[in-house]
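J.: So here's final.cif (mmCIF, C-alpha atoms).
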data_input
#
loop_
_atom_site.label_atom_id
_atom_site.label_comp_id
_atom_site.auth_asym_id
_atom_site.auth_seq_id
_atom_site.Cartn_x
_atom_site.Cartn_y
_atom_site.Cartn_z
CA MET A 1 0.00 0.00 0.00
CA SER A 2 1.34 3.41 -0.94
CA LEU A 3 2.21 5.85 1.84
CA CYS A 4 1.28 8.76 -0.45
CA ALA A 5 -2.38 9.79 -0.19
CA LEU A 6 -2.44 10.91 -3.84
CA CYS A 7 -0.95 7.61 -5.02
CA ALA A 8 -3.30 5.56 -2.82
CA GLY A 9 -6.52 7.34 -3.84
CA ASP A 10 -8.04 10.02 -6.04
CA GLY A 11 -7.96 12.60 -3.23
CA GLY A 12 -11.49 13.91 -3.83
CA THR A 13 -14.43 13.55 -6.18
CA LEU A 14 -13.03 12.43 -9.53
CA VAL A 15 -14.16 14.76 -12.31
CA HIS A 16 -12.03 13.61 -15.23
CA ARG A 17 -9.00 11.44 -15.76
CA GLY A 18 -6.47 12.16 -18.52
CA ALA A 19 -3.51 10.07 -19.60
CA GLN A 20 -1.10 11.69 -17.13
CA TRP A 21 -3.32 13.63 -14.71
CA ARG A 22 -6.73 13.76 -13.10
CA VAL A 23 -9.00 16.58 -12.03
CA ILE A 24 -10.81 16.18 -8.75
CA ARG A 25 -13.21 18.38 -6.80
CA ALA A 26 -11.78 18.80 -3.33
CA ASP A 27 -15.03 18.80 -1.31
CA GLU A 28 -13.85 21.65 0.94
CA ALA A 29 -16.82 22.67 3.11
CA HIS A 30 -16.38 26.46 2.75
CA PHE A 31 -15.01 26.42 -0.79
CA PRO A 32 -17.29 24.27 -2.93
CA ALA A 33 -15.63 25.39 -6.19
CA PHE A 34 -12.21 24.05 -5.18
CA TYR A 35 -10.65 21.75 -7.78
CA ARG A 36 -7.28 20.06 -7.96
CA VAL A 37 -5.21 18.97 -10.93
CA VAL A 38 -3.24 15.94 -9.72
CA TRP A 39 -0.30 14.68 -11.77
CA SER A 40 -0.49 10.86 -11.99
CA ASP A 41 3.21 10.12 -11.45
CA HIS A 42 4.57 10.62 -7.97
CA VAL A 43 6.79 13.66 -8.47
CA ALA A 44 7.24 16.31 -5.79
CA GLU A 45 8.01 19.49 -7.69
CA PHE A 46 6.66 21.19 -10.81
CA SER A 47 10.19 21.33 -12.23
CA ASP A 48 10.46 17.54 -11.88
CA LEU A 49 8.22 17.40 -14.97
CA SER A 50 9.78 17.57 -18.42
CA PRO A 51 9.22 20.91 -20.19
CA SER A 52 6.53 19.37 -22.40
CA ASP A 53 4.76 17.81 -19.42
CA ARG A 54 4.83 21.19 -17.68
CA VAL A 55 3.08 22.71 -20.68
CA ALA A 56 0.47 19.91 -20.68
CA CYS A 57 -0.05 20.25 -16.93
CA MET A 58 -0.55 24.02 -17.02
CA ALA A 59 -2.88 23.74 -20.02
CA VAL A 60 -5.12 21.59 -17.81
CA VAL A 61 -4.81 24.08 -14.93
CA ALA A 62 -5.73 26.97 -17.27
CA THR A 63 -8.72 25.02 -18.59
CA VAL A 64 -10.05 24.37 -15.08
CA GLU A 65 -9.54 28.07 -14.35
CA GLN A 66 -11.38 29.11 -17.52
CA VAL A 67 -14.36 26.88 -16.78
CA LEU A 68 -14.61 28.31 -13.26
CA ARG A 69 -14.45 31.86 -14.64
CA THR A 70 -17.05 31.22 -17.34
CA GLN A 71 -19.47 29.31 -15.15
CA LEU A 72 -19.18 31.22 -11.87
CA GLN A 73 -17.69 34.68 -12.58
CA PRO A 74 -15.67 34.51 -9.34
CA THR A 75 -13.98 37.58 -7.85
CA LYS A 76 -10.59 35.90 -8.34
CA ILE A 77 -9.02 32.56 -9.17
CA ASN A 78 -6.33 31.25 -6.83
CA LEU A 79 -3.71 28.79 -8.14
CA ALA A 80 -1.17 27.02 -5.97
CA ALA A 81 1.15 24.03 -5.95
CA LEU A 82 2.38 23.67 -2.36
CA GLY A 83 2.70 19.99 -1.39
CA ASN A 84 4.28 20.56 2.01
CA MET A 85 1.97 17.92 3.51
CA VAL A 86 1.62 15.68 0.45
CA PRO A 87 4.70 16.10 -1.75
CA HIS A 88 2.99 14.72 -4.87
CA LEU A 89 2.43 17.38 -7.53
CA HIS A 90 -1.09 18.79 -7.38
CA TRP A 91 -2.41 22.20 -8.35
CA HIS A 92 -5.11 23.84 -6.30
CA VAL A 93 -7.54 25.80 -8.51
CA VAL A 94 -10.00 27.72 -6.36
CA ALA A 95 -12.80 30.08 -7.31
CA ARG A 96 -12.80 32.89 -4.74
CA PHE A 97 -15.66 35.24 -3.97
CA ALA A 98 -15.55 38.59 -2.17
CA ASP A 99 -17.96 37.23 0.46
CA ASP A 100 -16.31 33.87 1.10
CA THR A 101 -15.02 33.13 4.61
CA HIS A 102 -11.42 34.18 3.90
CA PHE A 103 -11.40 36.74 1.07
CA PRO A 104 -9.09 38.56 0.33
CA ASP A 105 -6.82 36.29 2.35
CA PRO A 106 -5.67 32.93 0.99
CA VAL A 107 -7.84 29.93 1.89
CA TRP A 108 -4.99 28.74 4.16
CA ALA A 109 -5.15 31.82 6.39
CA SER A 110 -7.61 32.27 9.26
CA ALA A 111 -11.25 32.95 8.41
CA ARG A 112 -12.32 36.59 8.42
CA ARG A 113 -16.07 36.00 8.68
CA PRO A 114 -18.57 33.20 9.24
CA ALA A 115 -19.75 31.17 6.27
CA ASP A 116 -22.82 32.43 4.40
CA GLU A 117 -24.73 29.14 4.34
CA ALA A 118 -27.34 30.32 1.82
CA GLN A 119 -24.60 31.41 -0.58
CA LEU A 120 -22.76 28.11 -0.11
CA ALA A 121 -25.95 26.10 -0.70
CA ALA A 122 -26.60 28.04 -3.92
CA LEU A 123 -23.04 27.36 -5.08
CA ARG A 124 -23.29 23.66 -4.20
CA GLN A 125 -26.42 23.35 -6.33
CA ARG A 126 -24.37 24.41 -9.33
CA LEU A 127 -21.66 21.76 -8.84
CA PRO A 128 -23.19 19.02 -11.06
CA ALA A 129 -23.42 21.44 -14.01
CA LEU A 130 -19.96 22.79 -13.17
CA ASP A 131 -18.46 19.28 -13.13
CA ASP A 132 -20.15 18.56 -16.49
CA ALA A 133 -18.71 21.74 -18.02
CA MET A 134 -15.30 20.77 -16.60
CA ARG A 135 -15.48 17.30 -18.17
CA ALA A 136 -16.52 18.72 -21.54
CA ALA A 137 -13.62 21.18 -21.56
CA LEU A 138 -11.08 18.61 -20.32
CA ALA A 139 -12.03 16.01 -22.92
CA ALA A 140 -9.95 17.96 -25.45
CA HIS A 141 -6.78 17.38 -23.40
CA ARG A 142 -4.73 14.22 -23.72
CA MET B 1 -0.31 57.43 -11.17
CA SER B 2 -1.37 53.82 -11.35
CA LEU B 3 -3.57 52.45 -8.58
CA CYS B 4 -1.97 49.02 -9.05
CA ALA B 5 1.11 48.47 -6.86
CA LEU B 6 2.68 46.15 -9.44
CA CYS B 7 2.15 48.67 -12.25
CA ALA B 8 3.46 51.56 -10.13
CA GLY B 9 6.63 49.82 -8.89
CA ASP B 10 8.74 46.69 -9.09
CA GLY B 11 7.19 45.23 -5.93
CA GLY B 12 10.49 44.12 -4.38
CA THR B 13 14.19 43.89 -5.15
CA LEU B 14 14.52 43.63 -8.91
CA VAL B 15 16.56 40.58 -9.88
CA HIS B 16 16.03 40.43 -13.64
CA ARG B 17 13.75 41.99 -16.20
CA GLY B 18 12.64 40.11 -19.31
CA ALA B 19 10.66 41.45 -22.25
CA GLN B 20 7.28 40.58 -20.71
CA TRP B 21 8.03 39.85 -17.06
CA ARG B 22 10.35 40.60 -14.17
CA VAL B 23 11.67 38.53 -11.29
CA ILE B 24 11.86 40.22 -7.93
CA ARG B 25 12.95 39.07 -4.49
CA ALA B 26 10.11 39.78 -2.11
CA ASP B 27 12.12 40.78 0.99
CA GLU B 28 9.83 38.84 3.34
CA ALA B 29 11.45 38.89 6.78
CA HIS B 30 10.89 35.23 7.65
CA PHE B 31 11.23 33.88 4.10
CA PRO B 32 14.40 35.32 2.59
CA ALA B 33 14.25 32.98 -0.42
CA PHE B 34 10.87 34.28 -1.58
CA TYR B 35 10.82 35.37 -5.24
CA ARG B 36 8.04 36.60 -7.46
CA VAL B 37 7.59 36.38 -11.21
CA VAL B 38 5.56 39.45 -12.14
CA TRP B 39 3.95 39.67 -15.58
CA SER B 40 4.53 43.15 -17.05
CA ASP B 41 1.06 43.69 -18.48
CA HIS B 42 -1.74 44.35 -16.03
CA VAL B 43 -3.76 41.16 -16.38
CA ALA B 44 -5.56 39.60 -13.42
CA GLU B 45 -5.69 35.90 -14.20
CA PHE B 46 -3.24 33.32 -15.57
CA SER B 47 -5.79 32.40 -18.25
CA ASP B 48 -5.85 36.03 -19.43
CA LEU B 49 -2.48 35.25 -21.02
CA SER B 50 -2.35 33.73 -24.49
CA PRO B 51 -1.37 30.04 -24.52
CA SER B 52 2.15 30.92 -25.73
CA ASP B 53 2.55 33.60 -23.03
CA ARG B 54 1.42 31.04 -20.41
CA VAL B 55 4.19 28.73 -21.58
CA ALA B 56 6.75 31.55 -21.43
CA CYS B 57 5.54 32.62 -17.98
CA MET B 58 5.69 29.11 -16.51
CA ALA B 59 9.12 28.51 -18.04
CA VAL B 60 10.34 31.48 -15.99
CA VAL B 61 8.57 30.16 -12.87
CA ALA B 62 10.17 26.73 -13.38
CA THR B 63 13.60 28.32 -13.84
CA VAL B 64 13.30 30.29 -10.59
CA GLU B 65 12.20 27.06 -8.89
CA GLN B 66 15.15 25.12 -10.33
CA VAL B 67 17.67 27.72 -9.20
CA LEU B 68 16.21 27.67 -5.67
CA ARG B 69 16.40 23.86 -5.63
CA THR B 70 19.94 23.71 -6.93
CA GLN B 71 21.30 26.49 -4.74
CA LEU B 72 19.44 25.85 -1.48
CA GLN B 73 18.13 22.26 -1.49
CA PRO B 74 14.90 23.38 0.22
CA THR B 75 12.48 20.92 1.80
CA LYS B 76 9.81 22.01 -0.70
CA ILE B 77 9.05 24.68 -3.26
CA ASN B 78 5.73 26.50 -2.99
CA LEU B 79 4.19 28.09 -6.09
CA ALA B 80 1.11 30.28 -6.05
CA ALA B 81 -0.74 32.87 -8.12
CA LEU B 82 -3.37 34.38 -5.84
CA GLY B 83 -3.76 38.11 -6.48
CA ASN B 84 -6.72 38.68 -4.19
CA MET B 85 -5.11 41.85 -2.85
CA VAL B 86 -3.24 42.88 -6.01
CA PRO B 87 -5.04 41.45 -9.05
CA HIS B 88 -2.03 41.77 -11.34
CA LEU B 89 -0.59 38.40 -12.34
CA HIS B 90 2.37 37.44 -10.17
CA TRP B 91 3.68 34.03 -9.18
CA HIS B 92 5.05 33.47 -5.71
CA VAL B 93 8.01 31.07 -5.77
CA VAL B 94 9.10 30.26 -2.24
CA ALA B 95 11.83 27.95 -0.94
CA ARG B 96 10.45 26.28 2.17
CA PHE B 97 12.46 24.61 4.92
CA ALA B 98 11.29 22.11 7.53
CA ASP B 99 12.39 24.51 10.28
CA ASP B 100 10.90 27.72 8.87
CA THR B 101 8.28 29.56 10.95
CA HIS B 102 5.29 28.01 9.15
CA PHE B 103 6.30 24.62 7.72
CA PRO B 104 4.40 22.48 6.74
CA ASP B 105 1.68 25.11 6.57
CA PRO B 106 1.55 27.66 3.75
CA VAL B 107 3.33 30.95 4.38
CA TRP B 108 -0.10 32.62 4.58
CA ALA B 109 -1.21 30.54 7.58
CA SER B 110 -0.31 31.34 11.18
CA ALA B 111 3.25 30.73 12.33
CA ARG B 112 3.90 27.44 14.10
CA ARG B 113 7.17 28.42 15.75
CA PRO B 114 9.41 31.44 16.35
CA ALA B 115 11.93 32.37 13.69
CA ASP B 116 15.39 30.80 13.95
CA GLU B 117 17.42 34.01 13.60
CA ALA B 118 20.75 32.24 13.09
CA GLN B 119 19.27 30.14 10.29
CA LEU B 120 17.71 33.22 8.68
CA ALA B 121 20.99 35.14 8.90
CA ALA B 122 22.81 32.24 7.22
CA LEU B 123 20.22 32.16 4.45
CA ARG B 124 20.37 35.95 3.97
CA GLN B 125 24.13 35.73 3.50
CA ARG B 126 23.52 33.51 0.49
CA LEU B 127 21.13 35.91 -1.24
CA PRO B 128 23.71 37.81 -3.36
CA ALA B 129 25.00 34.53 -4.83
CA LEU B 130 21.42 33.29 -5.20
CA ASP B 131 20.37 36.44 -7.07
CA ASP B 132 23.43 36.07 -9.33
CA ALA B 133 22.53 32.44 -10.12
CA MET B 134 18.94 33.55 -10.79
CA ARG B 135 20.10 36.24 -13.24
CA ALA B 136 22.41 33.82 -15.05
CA ALA B 137 19.60 31.26 -15.47
CA LEU B 138 17.01 33.87 -16.48
CA ALA B 139 19.23 35.47 -19.13
CA ALA B 140 18.31 32.58 -21.44
CA HIS B 141 14.62 33.56 -21.35
CA ARG B 142 13.21 36.22 -23.63
#
Taking this structure as input, can you express it in the form of structure tokens?

T.:
Amino acid sequence: MSLCALCAGDGGTLVHRGAQWRVIRADEAHFPAFYRVVWSDHVAEFSDLSPSDRVACMAVVATVEQVLRTQLQPTKINLAALGNMVPHLHWHVVARFADDTHFPDPVWASARRPADEAQLAALRQRLPALDDAMRAALAAHR
Amino acid sequence: MSLCALCAGDGGTLVHRGAQWRVIRADEAHFPAFYRVVWSDHVAEFSDLSPSDRVACMAVVATVEQVLRTQLQPTKINLAALGNMVPHLHWHVVARFADDTHFPDPVWASARRPADEAQLAALRQRLPALDDAMRAALAAHR
């Protein structure tokens, strides 16, 4: 059994699987529109990828970002590859809204305000259509 | 006068300026090896760049990452494009160490431990050589 959580499992709700990567929805309670692009191979750093794999990886990240922008018109998109806890390359792609619990701070900072449950429920209702739009856009990627 | 801090100024110690981007050192007290790749044009989101500009931008990010890895052998590299405060595309490229104030949390979370001033002083002493290595590696990029 692998000791790496992203080798052992998908790491969230699987949205689409490509040849070298998968896109999952992270199921973060206060950030429903939080996706991750997980590279299939167990590499720690972005620069561990070959230049052509880096291009392929970021094309997927940009596509996830574009779908979030088109579908949700968020205040801002946040992108990050950290991996301090799980050193297996994964990109966080998060749609941020001016009224979310942490804005304008990063999602890893302390909350600034309580969650707006009605807003979150409305956003969660849109997730099936959002996942579908994500799959349609990602199908073009190898 | 521009209202955008990254249009009005460099945003840190200028390390190298390319045709469409610049690399600065962020001068963060507890993270001396904190660089930023700032896109010259005022665009908010990564996907506002053309596909070829995205490739050029990430090639610079990967080069900064590689120099940090080669020179400092950090525990992990953290990459992020957030821009909630300053919506002008800039990539944070941060060398993280197991004994830094926040590890394994992101630099935007709360500190876990006090700063190790001796360690920070040793790292700061390496910055001129690090900046030189950065400039040498970045000279190859347009």

J.: Can you turn the PyMOL selection byres ((chain A) within 7 of (chain B)) into a concrete residue list for this file, as a CSV table (one decimal) with C-alpha atoms, in the coordinates of the input?

T.:
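Everything below was put into out_18.csv:
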chain,number,residue,atom,x,y,z
A,45,GLU,CA,8.0,19.5,-7.7
A,47,SER,CA,10.2,21.3,-12.2
A,55,VAL,CA,3.1,22.7,-20.7
A,62,ALA,CA,-5.7,27.0,-17.3
A,65,GLU,CA,-9.5,28.1,-14.4
A,66,GLN,CA,-11.4,29.1,-17.5
A,76,LYS,CA,-10.6,35.9,-8.3
A,77,ILE,CA,-9.0,32.6,-9.2
A,78,ASN,CA,-6.3,31.2,-6.8
A,79,LEU,CA,-3.7,28.8,-8.1
A,80,ALA,CA,-1.2,27.0,-6.0
A,81,ALA,CA,1.2,24.0,-6.0
A,82,LEU,CA,2.4,23.7,-2.4
A,84,ASN,CA,4.3,20.6,2.0
A,85,MET,CA,2.0,17.9,3.5
A,104,PRO,CA,-9.1,38.6,0.3
A,105,ASP,CA,-6.8,36.3,2.4
A,106,PRO,CA,-5.7,32.9,1.0
A,108,TRP,CA,-5.0,28.7,4.2
A,109,ALA,CA,-5.2,31.8,6.4
A,110,SER,CA,-7.6,32.3,9.3

J.: Identify all residues satisfying the PyMOL selection byres ((chain B and resi 22-33) around 10) in the given file; provide them as a PyMOL selection string.

T.: chain B and resi 10-21+34-40+60-61+64+68+72+74+90-97+100-102+107+114-117+120-121+123-127+130-131+134-135+138

J.: Where does chain B end up after superposition onto chain A over all in-order Cα pairs? Give it as a PDB file with C-alpha atoms, in the frame of the given file.

T.:
ATOM      1  CA  MET B   1       0.014   0.054   0.057  1.00  0.00           C
ATOM      2  CA  SER B   2       1.351   3.442  -0.903  1.00  0.00           C
ATOM      3  CA  LEU B   3       2.211   5.887   1.867  1.00  0.00           C
ATOM      4  CA  CYS B   4       1.285   8.778  -0.443  1.00  0.00           C
ATOM      5  CA  ALA B   5      -2.385   9.803  -0.193  1.00  0.00           C
ATOM      6  CA  LEU B   6      -2.448  10.915  -3.835  1.00  0.00           C
ATOM      7  CA  CYS B   7      -0.951   7.617  -5.024  1.00  0.00           C
ATOM      8  CA  ALA B   8      -3.306   5.566  -2.831  1.00  0.00           C
ATOM      9  CA  GLY B   9      -6.535   7.355  -3.826  1.00  0.00           C
ATOM     10  CA  ASP B  10      -8.061  10.018  -6.032  1.00  0.00           C
ATOM     11  CA  GLY B  11      -7.946  12.630  -3.260  1.00  0.00           C
ATOM     12  CA  GLY B  12     -11.482  13.932  -3.833  1.00  0.00           C
ATOM     13  CA  THR B  13     -14.427  13.557  -6.184  1.00  0.00           C
ATOM     14  CA  LEU B  14     -13.039  12.438  -9.521  1.00  0.00           C
ATOM     15  CA  VAL B  15     -14.170  14.759 -12.302  1.00  0.00           C
ATOM     16  CA  HIS B  16     -12.024  13.611 -15.220  1.00  0.00           C
ATOM     17  CA  ARG B  17      -8.991  11.446 -15.770  1.00  0.00           C
ATOM     18  CA  GLY B  18      -6.465  12.189 -18.509  1.00  0.00           C
ATOM     19  CA  ALA B  19      -3.514  10.068 -19.583  1.00  0.00           C
ATOM     20  CA  GLN B  20      -1.100  11.713 -17.130  1.00  0.00           C
ATOM     21  CA  TRP B  21      -3.319  13.622 -14.711  1.00  0.00           C
ATOM     22  CA  ARG B  22      -6.731  13.750 -13.088  1.00  0.00           C
ATOM     23  CA  VAL B  23      -9.003  16.586 -12.031  1.00  0.00           C
ATOM     24  CA  ILE B  24     -10.802  16.187  -8.746  1.00  0.00           C
ATOM     25  CA  ARG B  25     -13.196  18.385  -6.800  1.00  0.00           C
ATOM     26  CA  ALA B  26     -11.771  18.810  -3.332  1.00  0.00           C
ATOM     27  CA  ASP B  27     -15.021  18.806  -1.310  1.00  0.00           C
ATOM     28  CA  GLU B  28     -13.847  21.641   0.951  1.00  0.00           C
ATOM     29  CA  ALA B  29     -16.817  22.676   3.088  1.00  0.00           C
ATOM     30  CA  HIS B  30     -16.385  26.440   2.756  1.00  0.00           C
ATOM     31  CA  PHE B  31     -15.005  26.410  -0.799  1.00  0.00           C
ATOM     32  CA  PRO B  32     -17.294  24.263  -2.933  1.00  0.00           C
ATOM     33  CA  ALA B  33     -15.629  25.387  -6.177  1.00  0.00           C
ATOM     34  CA  PHE B  34     -12.210  24.054  -5.180  1.00  0.00           C
ATOM     35  CA  TYR B  35     -10.643  21.746  -7.788  1.00  0.00           C
ATOM     36  CA  ARG B  36      -7.286  20.051  -7.954  1.00  0.00           C
ATOM     37  CA  VAL B  37      -5.210  18.965 -10.924  1.00  0.00           C
ATOM     38  CA  VAL B  38      -3.251  15.950  -9.707  1.00  0.00           C
ATOM     39  CA  TRP B  39      -0.313  14.663 -11.753  1.00  0.00           C
ATOM     40  CA  SER B  40      -0.482  10.852 -11.988  1.00  0.00           C
ATOM     41  CA  ASP B  41       3.202  10.139 -11.442  1.00  0.00           C
ATOM     42  CA  HIS B  42       4.564  10.632  -7.952  1.00  0.00           C
ATOM     43  CA  VAL B  43       6.798  13.651  -8.479  1.00  0.00           C
ATOM     44  CA  ALA B  44       7.233  16.307  -5.797  1.00  0.00           C
ATOM     45  CA  GLU B  45       8.012  19.486  -7.694  1.00  0.00           C
ATOM     46  CA  PHE B  46       6.651  21.194 -10.819  1.00  0.00           C
ATOM     47  CA  SER B  47      10.191  21.318 -12.228  1.00  0.00           C
ATOM     48  CA  ASP B  48      10.453  17.525 -11.888  1.00  0.00           C
ATOM     49  CA  LEU B  49       8.213  17.400 -14.963  1.00  0.00           C
ATOM     50  CA  SER B  50       9.760  17.574 -18.419  1.00  0.00           C
ATOM     51  CA  PRO B  51       9.216  20.915 -20.184  1.00  0.00           C
ATOM     52  CA  SER B  52       6.530  19.366 -22.424  1.00  0.00           C
ATOM     53  CA  ASP B  53       4.750  17.794 -19.426  1.00  0.00           C
ATOM     54  CA  ARG B  54       4.823  21.203 -17.674  1.00  0.00           C
ATOM     55  CA  VAL B  55       3.065  22.702 -20.681  1.00  0.00           C
ATOM     56  CA  ALA B  56       0.469  19.911 -20.689  1.00  0.00           C
ATOM     57  CA  CYS B  57      -0.066  20.241 -16.931  1.00  0.00           C
ATOM     58  CA  MET B  58      -0.546  24.018 -17.030  1.00  0.00           C
ATOM     59  CA  ALA B  59      -2.882  23.741 -20.018  1.00  0.00           C
ATOM     60  CA  VAL B  60      -5.133  21.598 -17.815  1.00  0.00           C
ATOM     61  CA  VAL B  61      -4.816  24.084 -14.930  1.00  0.00           C
ATOM     62  CA  ALA B  62      -5.724  26.961 -17.272  1.00  0.00           C
ATOM     63  CA  THR B  63      -8.721  25.024 -18.603  1.00  0.00           C
ATOM     64  CA  VAL B  64     -10.058  24.368 -15.093  1.00  0.00           C
ATOM     65  CA  GLU B  65      -9.548  28.072 -14.351  1.00  0.00           C
ATOM     66  CA  GLN B  66     -11.380  29.116 -17.528  1.00  0.00           C
ATOM     67  CA  VAL B  67     -14.353  26.880 -16.788  1.00  0.00           C
ATOM     68  CA  LEU B  68     -14.604  28.303 -13.252  1.00  0.00           C
ATOM     69  CA  ARG B  69     -14.463  31.848 -14.653  1.00  0.00           C
ATOM     70  CA  THR B  70     -17.037  31.225 -17.341  1.00  0.00           C
ATOM     71  CA  GLN B  71     -19.459  29.296 -15.151  1.00  0.00           C
ATOM     72  CA  LEU B  72     -19.182  31.207 -11.870  1.00  0.00           C
ATOM     73  CA  GLN B  73     -17.698  34.658 -12.571  1.00  0.00           C
ATOM     74  CA  PRO B  74     -15.665  34.497  -9.339  1.00  0.00           C
ATOM     75  CA  THR B  75     -13.989  37.555  -7.839  1.00  0.00           C
ATOM     76  CA  LYS B  76     -10.595  35.882  -8.334  1.00  0.00           C
ATOM     77  CA  ILE B  77      -9.016  32.553  -9.162  1.00  0.00           C
ATOM     78  CA  ASN B  78      -6.327  31.238  -6.829  1.00  0.00           C
ATOM     79  CA  LEU B  79      -3.719  28.790  -8.140  1.00  0.00           C
ATOM     80  CA  ALA B  80      -1.175  27.028  -5.971  1.00  0.00           C
ATOM     81  CA  ALA B  81       1.168  24.040  -5.942  1.00  0.00           C
ATOM     82  CA  LEU B  82       2.380  23.667  -2.366  1.00  0.00           C
ATOM     83  CA  GLY B  83       2.689  20.001  -1.400  1.00  0.00           C
ATOM     84  CA  ASN B  84       4.273  20.535   1.997  1.00  0.00           C
ATOM     85  CA  MET B  85       1.970  17.920   3.514  1.00  0.00           C
ATOM     86  CA  VAL B  86       1.606  15.681   0.448  1.00  0.00           C
ATOM     87  CA  PRO B  87       4.680  16.089  -1.769  1.00  0.00           C
ATOM     88  CA  HIS B  88       2.975  14.722  -4.873  1.00  0.00           C
ATOM     89  CA  LEU B  89       2.421  17.382  -7.527  1.00  0.00           C
ATOM     90  CA  HIS B  90      -1.098  18.793  -7.386  1.00  0.00           C
ATOM     91  CA  TRP B  91      -2.412  22.207  -8.357  1.00  0.00           C
ATOM     92  CA  HIS B  92      -5.119  23.841  -6.300  1.00  0.00           C
ATOM     93  CA  VAL B  93      -7.529  25.802  -8.508  1.00  0.00           C
ATOM     94  CA  VAL B  94      -9.991  27.715  -6.367  1.00  0.00           C
ATOM     95  CA  ALA B  95     -12.805  30.093  -7.319  1.00  0.00           C
ATOM     96  CA  ARG B  96     -12.801  32.869  -4.738  1.00  0.00           C
ATOM     97  CA  PHE B  97     -15.667  35.227  -3.951  1.00  0.00           C
ATOM     98  CA  ALA B  98     -15.559  38.580  -2.169  1.00  0.00           C
ATOM     99  CA  ASP B  99     -17.962  37.226   0.462  1.00  0.00           C
ATOM    100  CA  ASP B 100     -16.286  33.865   1.096  1.00  0.00           C
ATOM    101  CA  THR B 101     -15.023  33.113   4.619  1.00  0.00           C
ATOM    102  CA  HIS B 102     -11.424  34.173   3.907  1.00  0.00           C
ATOM    103  CA  PHE B 103     -11.402  36.736   1.081  1.00  0.00           C
ATOM    104  CA  PRO B 104      -9.088  38.544   0.354  1.00  0.00           C
ATOM    105  CA  ASP B 105      -6.811  36.267   2.347  1.00  0.00           C
ATOM    106  CA  PRO B 106      -5.669  32.904   0.984  1.00  0.00           C
ATOM    107  CA  VAL B 107      -7.821  29.912   1.883  1.00  0.00           C
ATOM    108  CA  TRP B 108      -4.990  28.721   4.154  1.00  0.00           C
ATOM    109  CA  ALA B 109      -5.144  31.816   6.380  1.00  0.00           C
ATOM    110  CA  SER B 110      -7.606  32.271   9.234  1.00  0.00           C
ATOM    111  CA  ALA B 111     -11.240  32.942   8.393  1.00  0.00           C
ATOM    112  CA  ARG B 112     -12.319  36.578   8.399  1.00  0.00           C
ATOM    113  CA  ARG B 113     -16.052  35.971   8.662  1.00  0.00           C
ATOM    114  CA  PRO B 114     -18.578  33.180   9.237  1.00  0.00           C
ATOM    115  CA  ALA B 115     -19.734  31.156   6.261  1.00  0.00           C
ATOM    116  CA  ASP B 116     -22.804  32.414   4.391  1.00  0.00           C
ATOM    117  CA  GLU B 117     -24.739  29.128   4.343  1.00  0.00           C
ATOM    118  CA  ALA B 118     -27.335  30.311   1.825  1.00  0.00           C
ATOM    119  CA  GLN B 119     -24.596  31.400  -0.573  1.00  0.00           C
ATOM    120  CA  LEU B 120     -22.758  28.094  -0.120  1.00  0.00           C
ATOM    121  CA  ALA B 121     -25.950  26.104  -0.707  1.00  0.00           C
ATOM    122  CA  ALA B 122     -26.583  28.053  -3.923  1.00  0.00           C
ATOM    123  CA  LEU B 123     -23.040  27.367  -5.091  1.00  0.00           C
ATOM    124  CA  ARG B 124     -23.289  23.655  -4.210  1.00  0.00           C
ATOM    125  CA  GLN B 125     -26.420  23.372  -6.336  1.00  0.00           C
ATOM    126  CA  ARG B 126     -24.355  24.424  -9.334  1.00  0.00           C
ATOM    127  CA  LEU B 127     -21.664  21.780  -8.854  1.00  0.00           C
ATOM    128  CA  PRO B 128     -23.196  19.039 -11.067  1.00  0.00           C
ATOM    129  CA  ALA B 129     -23.416  21.462 -14.011  1.00  0.00           C
ATOM    130  CA  LEU B 130     -19.949  22.791 -13.174  1.00  0.00           C
ATOM    131  CA  ASP B 131     -18.457  19.285 -13.135  1.00  0.00           C
ATOM    132  CA  ASP B 132     -20.160  18.567 -16.481  1.00  0.00           C
ATOM    133  CA  ALA B 133     -18.694  21.744 -18.021  1.00  0.00           C
ATOM    134  CA  MET B 134     -15.288  20.779 -16.594  1.00  0.00           C
ATOM    135  CA  ARG B 135     -15.474  17.307 -18.173  1.00  0.00           C
ATOM    136  CA  ALA B 136     -16.529  18.721 -21.542  1.00  0.00           C
ATOM    137  CA  ALA B 137     -13.614  21.196 -21.554  1.00  0.00           C
ATOM    138  CA  LEU B 138     -11.080  18.629 -20.318  1.00  0.00           C
ATOM    139  CA  ALA B 139     -12.030  16.010 -22.916  1.00  0.00           C
ATOM    140  CA  ALA B 140      -9.939  17.961 -25.438  1.00  0.00           C
ATOM    141  CA  HIS B 141      -6.768  17.395 -23.386  1.00  0.00           C
ATOM    142  CA  ARG B 142      -4.731  14.231 -23.700  1.00  0.00           C
TER     143      ARG B 142
END

J.: Record the distance separating atom CA of B:Leu89 and atom CA of B:His42, expressed in Å with one decimal.

T.: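 Value for the atom CA of B:Leu89-atom CA of B:His42 distance: 7.1 Å.
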
J.: Step by step, gather every atom of stretch 77-86 of chain B that the file lists, find the box along x, y and z that holds them, add 3 Å on each side, and finally give centre and edge lengths in Å to one decimal, as JSON.

T.:
{"center_x": 1.2, "center_y": 33.8, "center_z": -5.5, "size_x": 21.8, "size_y": 24.2, "size_z": 11.3}
